[in-house]
Every structure is written in structure tokens, then in C-alpha cells.
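S.K.: If it helps, the file is called query04.cif and holds mmCIF, C-alpha atoms:
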```
data_final
loop_
_atom_site.label_atom_id
_atom_site.label_comp_id
_atom_site.auth_asym_id
_atom_site.auth_seq_id
_atom_site.Cartn_x
_atom_site.Cartn_y
_atom_site.Cartn_z
CA MET A 493 0.84 -12.96 -26.61
CA ILE A 494 1.96 -11.67 -23.21
CA ARG A 495 3.58 -8.27 -23.74
CA ALA A 496 3.68 -6.98 -20.16
CA VAL A 497 4.03 -8.24 -16.60
CA PHE A 498 2.48 -6.25 -13.76
CA PHE A 499 3.47 -7.02 -10.17
CA ASP A 500 1.88 -6.61 -6.79
CA LEU A 501 4.30 -5.04 -4.30
CA ASP A 502 3.70 -6.16 -0.70
CA GLY A 503 4.28 -9.86 -0.13
CA THR A 504 5.30 -10.24 -3.76
CA LEU A 505 8.17 -8.07 -5.00
CA VAL A 506 9.05 -7.11 -1.44
CA ARG A 507 8.46 -9.03 1.77
CA TYR A 508 8.77 -7.15 5.07
CA ARG A 509 9.13 -10.02 7.50
CA GLY A 510 7.19 -9.56 10.72
CA ALA A 511 4.83 -6.96 9.25
CA PRO A 512 1.15 -7.85 8.69
CA PHE A 513 0.86 -9.34 5.19
CA GLU A 514 4.62 -8.64 4.83
CA SER A 515 3.52 -5.16 3.80
CA SER A 516 5.22 -1.81 3.40
CA TRP A 517 2.31 -0.27 5.34
CA GLY A 518 2.98 -2.48 8.35
CA ALA A 519 6.73 -1.90 8.23
CA LEU A 520 6.16 1.85 7.95
CA GLY A 521 3.93 2.03 11.02
CA ALA A 522 6.38 0.06 13.16
CA ALA A 523 9.35 2.15 12.02
CA ALA A 524 7.47 5.39 12.72
CA GLY A 525 6.81 4.34 16.32
CA VAL A 526 3.04 4.22 15.89
CA GLY A 527 2.75 0.45 15.57
CA VAL A 528 0.16 0.09 18.35
CA GLN A 529 -2.21 2.63 16.80
CA TRP A 530 -1.46 1.16 13.36
CA ASP A 531 -2.47 -2.31 14.54
CA GLU A 532 -5.60 -0.96 16.20
CA LEU A 533 -6.66 0.67 12.93
CA LEU A 534 -5.96 -2.54 11.01
CA ALA A 535 -8.11 -4.53 13.43
CA ARG A 536 -10.90 -1.96 13.29
CA TYR A 537 -11.04 -1.84 9.49
CA ARG A 538 -10.24 -5.48 8.72
CA GLY A 539 -12.87 -6.83 6.32
CA ARG A 540 -14.34 -3.37 5.63
CA VAL A 541 -12.86 -2.98 2.16
CA GLU A 542 -15.37 -0.28 1.23
CA GLU A 543 -13.77 1.93 3.91
CA TYR A 544 -10.20 1.34 2.77
CA ALA A 545 -9.66 4.98 1.76
CA ASP A 546 -10.65 6.10 5.27
CA TRP A 547 -8.17 3.60 6.76
CA VAL A 548 -5.38 5.01 4.57
CA ARG A 549 -6.19 8.59 5.59
CA LYS A 550 -6.21 7.70 9.30
CA ASN A 551 -2.83 6.00 8.94
CA ALA A 552 -1.48 9.08 7.17
CA ALA A 553 -2.74 11.32 9.97
CA LEU A 554 -0.76 9.28 12.53
CA LEU A 555 2.43 10.15 10.65
CA GLN A 556 1.85 13.90 10.50
CA GLY A 557 4.98 15.87 11.33
CA LEU A 558 7.29 12.87 11.62
CA PRO A 559 10.55 13.15 9.67
CA PHE A 560 10.89 10.73 6.80
CA SER A 561 14.41 10.00 8.01
CA ARG A 562 12.90 8.19 11.01
CA VAL A 563 11.54 5.38 8.80
CA GLU A 564 14.05 5.37 5.96
CA ALA A 565 16.50 2.86 7.42
CA ALA A 566 13.71 0.38 8.22
CA LEU A 567 12.19 0.54 4.75
CA PHE A 568 15.34 0.57 2.63
CA PRO A 569 16.92 -1.24 1.00
CA PRO A 570 13.65 -2.96 0.09
CA PRO A 571 13.61 -6.64 1.14
CA TYR A 572 13.25 -8.14 -2.32
CA ALA A 573 11.68 -11.56 -2.79
CA PRO A 574 14.10 -14.39 -3.65
CA GLY A 575 15.10 -14.35 -7.29
CA SER A 576 13.16 -11.19 -8.11
CA ARG A 577 16.10 -9.14 -9.40
CA ALA A 578 17.28 -11.88 -11.76
CA ALA A 579 13.74 -12.60 -12.98
CA ILE A 580 13.06 -8.91 -13.64
CA ALA A 581 16.31 -8.62 -15.59
CA GLU A 582 15.41 -11.64 -17.72
CA LEU A 583 11.91 -10.34 -18.43
CA LYS A 584 13.37 -6.97 -19.45
CA ARG A 585 15.80 -8.65 -21.85
CA ALA A 586 12.84 -10.44 -23.42
CA GLY A 587 11.24 -7.04 -24.10
CA HIS A 588 8.34 -7.18 -21.66
CA LEU A 589 6.88 -3.99 -20.21
CA LEU A 590 7.16 -4.26 -16.42
CA GLY A 591 5.41 -2.30 -13.69
CA ILE A 592 3.83 -2.29 -10.23
CA VAL A 593 0.13 -1.98 -9.35
CA SER A 594 -0.24 -2.10 -5.59
CA SER A 595 -2.31 -1.00 -2.62
CA GLY A 596 1.01 -0.52 -0.84
CA VAL A 597 2.76 2.77 -0.23
CA ASN A 598 4.36 4.83 -2.98
CA ILE A 599 7.49 5.52 -0.94
CA VAL A 600 8.49 1.88 -1.36
CA ALA A 601 6.92 1.30 -4.77
CA ASP A 602 8.82 4.22 -6.29
CA ARG A 603 12.13 3.04 -4.84
CA VAL A 604 11.54 -0.46 -6.24
CA ARG A 605 10.61 0.96 -9.65
CA GLU A 606 13.82 2.96 -9.70
CA GLU A 607 16.12 0.19 -8.47
CA LEU A 608 14.70 -2.51 -10.75
CA GLY A 609 14.28 -0.23 -13.76
CA LEU A 610 10.53 -0.80 -14.12
CA ALA A 611 8.40 1.29 -16.46
CA PHE A 612 5.94 2.47 -13.82
CA ALA A 613 4.66 2.08 -10.27
CA VAL A 614 1.13 2.88 -9.12
CA ALA A 615 0.52 2.80 -5.37
CA ASN A 616 -1.11 4.86 -2.64
CA GLU A 617 0.63 8.17 -2.05
CA LEU A 618 1.73 9.55 1.29
CA GLN A 619 2.44 13.27 1.09
CA ILE A 620 5.87 14.46 2.27
CA ALA A 621 6.80 18.14 2.54
CA ASP A 622 10.18 19.49 3.67
CA GLY A 623 11.28 16.03 4.69
CA ARG A 624 8.28 15.40 6.95
CA PHE A 625 5.04 13.48 6.54
CA ALA A 626 2.23 15.93 5.85
CA GLY A 627 -0.47 13.71 7.36
CA GLU A 628 -2.29 13.37 4.05
CA ALA A 629 -2.65 10.57 1.53
CA MET A 630 -4.12 9.94 -1.90
CA VAL A 631 -5.58 6.52 -2.66
CA ARG A 632 -4.54 5.39 -6.13
CA VAL A 633 -5.28 1.69 -5.73
CA GLY A 634 -8.12 0.77 -3.41
CA LEU A 635 -8.01 -2.62 -1.73
CA ALA A 636 -11.07 -3.74 -3.72
CA ASP A 637 -10.21 -1.74 -6.84
CA LYS A 638 -6.96 -3.28 -8.04
CA ARG A 639 -8.57 -4.71 -11.18
CA ALA A 640 -9.69 -1.21 -12.21
CA ALA A 641 -6.17 0.10 -11.60
CA VAL A 642 -4.70 -2.68 -13.74
CA GLU A 643 -7.19 -1.88 -16.48
CA ARG A 644 -6.21 1.80 -16.39
CA GLU A 645 -2.51 1.00 -16.67
CA ALA A 646 -3.10 -1.45 -19.51
CA ARG A 647 -5.01 1.22 -21.44
CA ARG A 648 -2.32 3.80 -20.71
CA TRP A 649 0.31 1.56 -22.29
CA GLY A 650 -1.87 0.50 -25.22
CA LEU A 651 -2.34 -3.06 -23.98
CA ALA A 652 -5.30 -5.41 -23.96
CA LEU A 653 -5.76 -7.19 -20.63
CA GLU A 654 -5.13 -10.47 -22.46
CA GLU A 655 -1.59 -9.22 -23.13
CA VAL A 656 -0.85 -8.69 -19.43
CA ALA A 657 0.47 -11.20 -16.92
CA PHE A 658 -0.01 -10.37 -13.24
CA VAL A 659 1.95 -11.66 -10.25
CA GLY A 660 0.31 -11.38 -6.83
CA ASP A 661 -0.13 -13.10 -3.50
CA HIS A 662 -3.30 -11.95 -1.76
CA LEU A 663 -7.09 -12.13 -1.99
CA ASN A 664 -7.39 -8.67 -3.52
CA ASP A 665 -5.35 -9.99 -6.46
CA VAL A 666 -7.97 -12.62 -7.32
CA PRO A 667 -10.22 -10.24 -9.37
CA VAL A 668 -7.12 -9.22 -11.35
CA PHE A 669 -6.27 -12.88 -11.98
CA GLY A 670 -9.68 -13.35 -13.57
CA ALA A 671 -9.18 -10.44 -15.96
CA VAL A 672 -5.61 -10.73 -17.28
CA GLY A 673 -4.16 -13.08 -19.85
CA TYR A 674 -1.95 -14.95 -17.40
CA ALA A 675 -2.04 -15.04 -13.59
CA ILE A 676 0.82 -16.14 -11.34
CA ALA A 677 0.32 -16.62 -7.60
CA TYR A 678 3.60 -16.03 -5.80
CA ALA A 679 3.74 -17.52 -2.28
CA PRO A 680 -0.06 -17.16 -2.06
CA LYS A 681 -1.42 -16.15 1.33
CA GLU A 682 -4.74 -17.98 0.90
CA PRO A 683 -5.83 -21.16 -0.96
CA GLU A 684 -8.27 -19.08 -3.01
CA VAL A 685 -5.36 -17.12 -4.48
CA ALA A 686 -3.63 -20.28 -5.68
CA ALA A 687 -6.88 -21.68 -7.07
CA ALA A 688 -7.52 -18.55 -9.15
CA ALA A 689 -4.06 -18.51 -10.78
CA HIS A 690 -2.73 -20.20 -13.90
CA ALA A 691 0.49 -21.03 -12.05
CA VAL A 692 1.76 -21.03 -8.45
CA VAL A 693 5.40 -20.34 -7.56
CA HIS A 694 7.37 -19.82 -4.34
CA HIS A 695 10.45 -18.31 -5.97
CA PHE A 696 10.74 -15.78 -8.79
CA ARG A 697 13.12 -18.00 -10.75
CA PRO A 698 10.40 -19.81 -12.81
CA ILE A 699 8.45 -16.67 -13.70
CA PRO A 700 10.26 -15.70 -16.95
CA GLU A 701 9.86 -19.22 -18.35
CA LEU A 702 6.17 -19.30 -17.36
CA VAL A 703 5.62 -15.98 -19.15
CA ARG A 704 7.46 -17.24 -22.23
CA ALA A 705 5.31 -20.37 -22.30
CA ALA A 706 2.14 -18.29 -21.97
CA SER A 707 3.24 -16.13 -24.90
#
```
For the structure just supplied, provide its representation as C-alpha cells.

M.R.:
Amino acid sequence: MIRAVFFDLDGTLVRYRGAPFESSWGALGAAAGVGVQWDELLARYRGRVEEYADWVRKNAALLQGLPFSRVEAALFPPPYAPGSRAAIAELKRAGHLLGIVSSGVNIVADRVREELGLAFAVANELQIADGRFAGEAMVRVGLADKRAAVEREARRWGLALEEVAFVGDHLNDVPVFGAVGYAIAYAPKEPEVAAAAHAVVHHFRPIPELVRAAS
């Protein structure tokens, strides 16, 4: 029985066109005017998943002192994936617990949680004080640690992993796919993501029916 559906954020629920991996991180760096340094950091740390927390902290430091208002218009409204609002509404009517587990940025994840009426959102936190970025961050979901984050959220809500469906698009979602009861690859970025999933979709429309069938 699938009782909950957890979603990845970047490239799944939201898709920032033109940003690396369609991510909130990439969109944030460009909007803040530090895109060149942002890209340099991404190139330097690419493939070094064990140093992900250091990458997040260096990105946060680039933002120090910048007003949040500088990036707000570029990030919001979130660019939702096709059919996501209708699919979320249908899943909610069916009584499923819905939430986000993402290595993206909490600024976007929290807005999506609020707008879509999700139960929770867990993402990496950028500190903001008095309307400005403080230059500090807290890693809640490491790039290689998403499975552990999903396990924590399942326990928090009294769920077995077999009762959770997960929707994701990237390689760091593959370990989660192997742990949950039902795995859906949405617009997968790599063939390995599609191969690890129970189902592959390119629109959110089929997701409620897939979850019903898996239940």
C-alpha cells in the first residue's frame, strides 16, 4: 500500500530552464549576479559528492550581504513542471501524504510546499537575516545522502519505506528508487535513472494513476 509520495524538487516539481540540471541553485546564482563564480564552483566540485557540503557553503558565501529581493523575481513564481498542480491535487484528494526531499534550496522548496499545500519540504537551507543573505548554509540533504533523508522523513511520519513512492529525475535519486515501495522517473536526466525506476513519465498527468495501481 502506497500511503505517501515524496518528490524531488529541481528538474522534477520545478524546472528552471537554462540553469544547470534545471535547478534552483543554478537559477539563484544567475539571478544574484554571481553566475560565473557559481559555474566555476560547479565545475570544480563536479563528481566530488563527498565534498558537497563544502560546495554548498562556498555558494552561500558568494551571496553574503546580497538582498533577497535581488533574486526573488527570478525564482518566483516557481516554474512548475507540466501537470504537477493537477497531479498534486488529485493525490491529495486520494489521501496521500505529500512532501519534498531535495538537495535544492529551501527558499524554493518552502514556497512550493506552501503553494501546493504539501505536508513538508526538506532541502538545504540558506540563512537570510534582515532581508539579506547571511553567507551561511545548513546542508539538510547531501547530494549522496538523499536516501538517508527519505528514510528520516518516512520515520517521522510513521511510514515504512515500502509505503512511500518517490518521484525524481537525477542520478542521486537512484539509491532512493532502490529503497522505496514505488519509484517514478520523471523526465530522467540519465538512462540509469530510467532503468532504476518502476515507471518513467514525461508529464505529471499519469502519476496519480500509477500510484493508485501500485497501491

S.K.: Applying 10 Å and all atoms listed in the file, which residues near Phe568 in chain A remain after dropping the ones on its own chain fewer than 6 positions away? List them as a PyMOL selection string.

M.R.: chain A and resi 599-600+603-604

S.K.: I need the residue nearest Glu582 in chain A from this list: A:Arg647, A:Arg697, A:Arg639, A:Arg562. Use all atoms listed in the file for the distance.

M.R.: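 For Glu582 in chain A, the nearest of the given residues is A:Arg697.
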
S.K.: Between A:Leu651, A:Val703, A:Ile676, A:Leu505, which is the closest to Ser576 in chain A once you count all atoms listed in the file?

M.R.: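 That would be A:Leu505, the residue with the smallest distance to Ser576 in chain A.
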
S.K.: Do a neighbour search on Gly623 in chain A at 9 Å with only C-alpha atoms, toss out local chain neighbours closer than 4 positions, and write the hits as a list of chain:residue names.

M.R.: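 Near Gly623 in chain A, the qualifying residues are A:Leu558, A:Pro559, A:Phe560, A:Ser561.
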
S.K.: Which is closer to Asp622 in chain A than all the others in A:Gly660, A:Gly575, A:Gly591, A:Gly557, using all atoms listed in the file?

M.R.: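 Checking each candidate against Asp622 in chain A, we get A:Gly557 as the closest.
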
S.K.: Give me the residues near Leu567 in chain A as a list of chain:residue names, where near means some atom within 8 Å (using only C-alpha atoms) and where sequence neighbours in that chain fewer than 5 positions away do not count.

M.R.: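 Counting only the stated atoms, we get A:Ser516, A:Ala519, A:Leu520, A:Ala523, A:Val600.
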
S.K.: Using all atoms listed in the file, find the one residue out of A:Leu663, A:Glu617, A:Val497, A:Leu590 that sits nearest to Arg605 in chain A.

M.R.: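 Using all atoms listed in the file, Arg605 in chain A sits closest to A:Leu590.
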
S.K.: Considering all atoms listed in the file, state which residue in the set A:Ala688, A:Ala586, A:Gly596, A:Leu635 is at the smallest distance from Gly518 in chain A.

M.R.: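 Between A:Ala688, A:Ala586, A:Gly596, A:Leu635, the residue approaching Gly518 in chain A most closely is A:Gly596.
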
S.K.: Just so the selection is clear, what residues does the PyMOL selection byres ((chain A and resi 521) around 10) cover here, as a list in words?

M.R.: Ala511, Ser516, Trp517, Gly518, Ala519, Leu520, Ala522, Ala523, Ala524, Gly525, Val526, Gly527, Val528, Gln529, Trp530, Asp531, Asn551, Ala552, Leu554, Leu555 and Val563 of chain A

S.K.: When distances are computed from only C-alpha atoms, which of A:Glu643, A:Glu532, A:Glu682, A:Asp661 shows the smallest separation from His694 in chain A?

M.R.: A:Asp661

S.K.: The PyMOL selection byres ((chain A and resi 704) around 12) on the file shown: which residues, as a PDB file with C-alpha atoms, in the frame of the given file?

M.R.:
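Output below, filename expr-v6.pdb:
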```pdb
ATOM      1  CA  MET A 493       0.840 -12.960 -26.610  1.00  0.00           C
ATOM      2  CA  ILE A 494       1.960 -11.670 -23.210  1.00  0.00           C
ATOM      3  CA  ARG A 495       3.580  -8.270 -23.740  1.00  0.00           C
ATOM      4  CA  ALA A 496       3.680  -6.980 -20.160  1.00  0.00           C
ATOM      5  CA  VAL A 497       4.030  -8.240 -16.600  1.00  0.00           C
ATOM      6  CA  GLU A 582      15.410 -11.640 -17.720  1.00  0.00           C
ATOM      7  CA  LEU A 583      11.910 -10.340 -18.430  1.00  0.00           C
ATOM      8  CA  ARG A 585      15.800  -8.650 -21.850  1.00  0.00           C
ATOM      9  CA  ALA A 586      12.840 -10.440 -23.420  1.00  0.00           C
ATOM     10  CA  GLY A 587      11.240  -7.040 -24.100  1.00  0.00           C
ATOM     11  CA  HIS A 588       8.340  -7.180 -21.660  1.00  0.00           C
ATOM     12  CA  ALA A 657       0.470 -11.200 -16.920  1.00  0.00           C
ATOM     13  CA  TYR A 674      -1.950 -14.950 -17.400  1.00  0.00           C
ATOM     14  CA  PRO A 698      10.400 -19.810 -12.810  1.00  0.00           C
ATOM     15  CA  ILE A 699       8.450 -16.670 -13.700  1.00  0.00           C
ATOM     16  CA  PRO A 700      10.260 -15.700 -16.950  1.00  0.00           C
ATOM     17  CA  GLU A 701       9.860 -19.220 -18.350  1.00  0.00           C
ATOM     18  CA  LEU A 702       6.170 -19.300 -17.360  1.00  0.00           C
ATOM     19  CA  VAL A 703       5.620 -15.980 -19.150  1.00  0.00           C
ATOM     20  CA  ALA A 705       5.310 -20.370 -22.300  1.00  0.00           C
ATOM     21  CA  ALA A 706       2.140 -18.290 -21.970  1.00  0.00           C
ATOM     22  CA  SER A 707       3.240 -16.130 -24.900  1.00  0.00           C
TER      23      SER A 707
END
```

S.K.: Give me range 570-584 of chain A with N, CA and C atoms filled in, as a tab-separated table (two decimals), in the frame of the given file.

M.R.:
```tsv
chain	number	residue	atom	x	y	z
A	570	PRO	N	14.85	-2.12	0.06
A	570	PRO	CA	13.65	-2.96	0.09
A	570	PRO	C	14.05	-4.43	0.20
A	571	PRO	N	13.31	-5.21	0.99
A	571	PRO	CA	13.61	-6.64	1.14
A	571	PRO	C	13.02	-7.44	-0.02
A	572	TYR	N	13.76	-7.51	-1.09
A	572	TYR	CA	13.25	-8.14	-2.32
A	572	TYR	C	13.02	-9.64	-2.13
A	573	ALA	N	11.99	-10.14	-2.81
A	573	ALA	CA	11.68	-11.56	-2.79
A	573	ALA	C	12.79	-12.35	-3.47
A	574	PRO	N	13.03	-13.59	-3.06
A	574	PRO	CA	14.10	-14.39	-3.65
A	574	PRO	C	13.98	-14.52	-5.16
A	575	GLY	N	15.07	-14.20	-5.84
A	575	GLY	CA	15.10	-14.35	-7.29
A	575	GLY	C	14.46	-13.24	-8.08
A	576	SER	N	13.93	-12.22	-7.39
A	576	SER	CA	13.16	-11.19	-8.11
A	576	SER	C	14.04	-10.34	-9.02
A	577	ARG	N	15.23	-9.97	-8.57
A	577	ARG	CA	16.10	-9.14	-9.40
A	577	ARG	C	16.48	-9.87	-10.69
A	578	ALA	N	16.89	-11.13	-10.57
A	578	ALA	CA	17.28	-11.88	-11.76
A	578	ALA	C	16.11	-12.10	-12.70
A	579	ALA	N	14.93	-12.39	-12.14
A	579	ALA	CA	13.74	-12.60	-12.98
A	579	ALA	C	13.34	-11.33	-13.71
A	580	ILE	N	13.39	-10.20	-13.01
A	580	ILE	CA	13.06	-8.91	-13.64
A	580	ILE	C	14.03	-8.63	-14.78
A	581	ALA	N	15.32	-8.86	-14.54
A	581	ALA	CA	16.31	-8.62	-15.59
A	581	ALA	C	16.05	-9.48	-16.81
A	582	GLU	N	15.68	-10.74	-16.60
A	582	GLU	CA	15.41	-11.64	-17.72
A	582	GLU	C	14.16	-11.21	-18.49
A	583	LEU	N	13.13	-10.81	-17.77
A	583	LEU	CA	11.91	-10.34	-18.43
A	583	LEU	C	12.17	-9.07	-19.24
A	584	LYS	N	13.02	-8.19	-18.71
A	584	LYS	CA	13.37	-6.97	-19.45
A	584	LYS	C	14.13	-7.31	-20.72
```
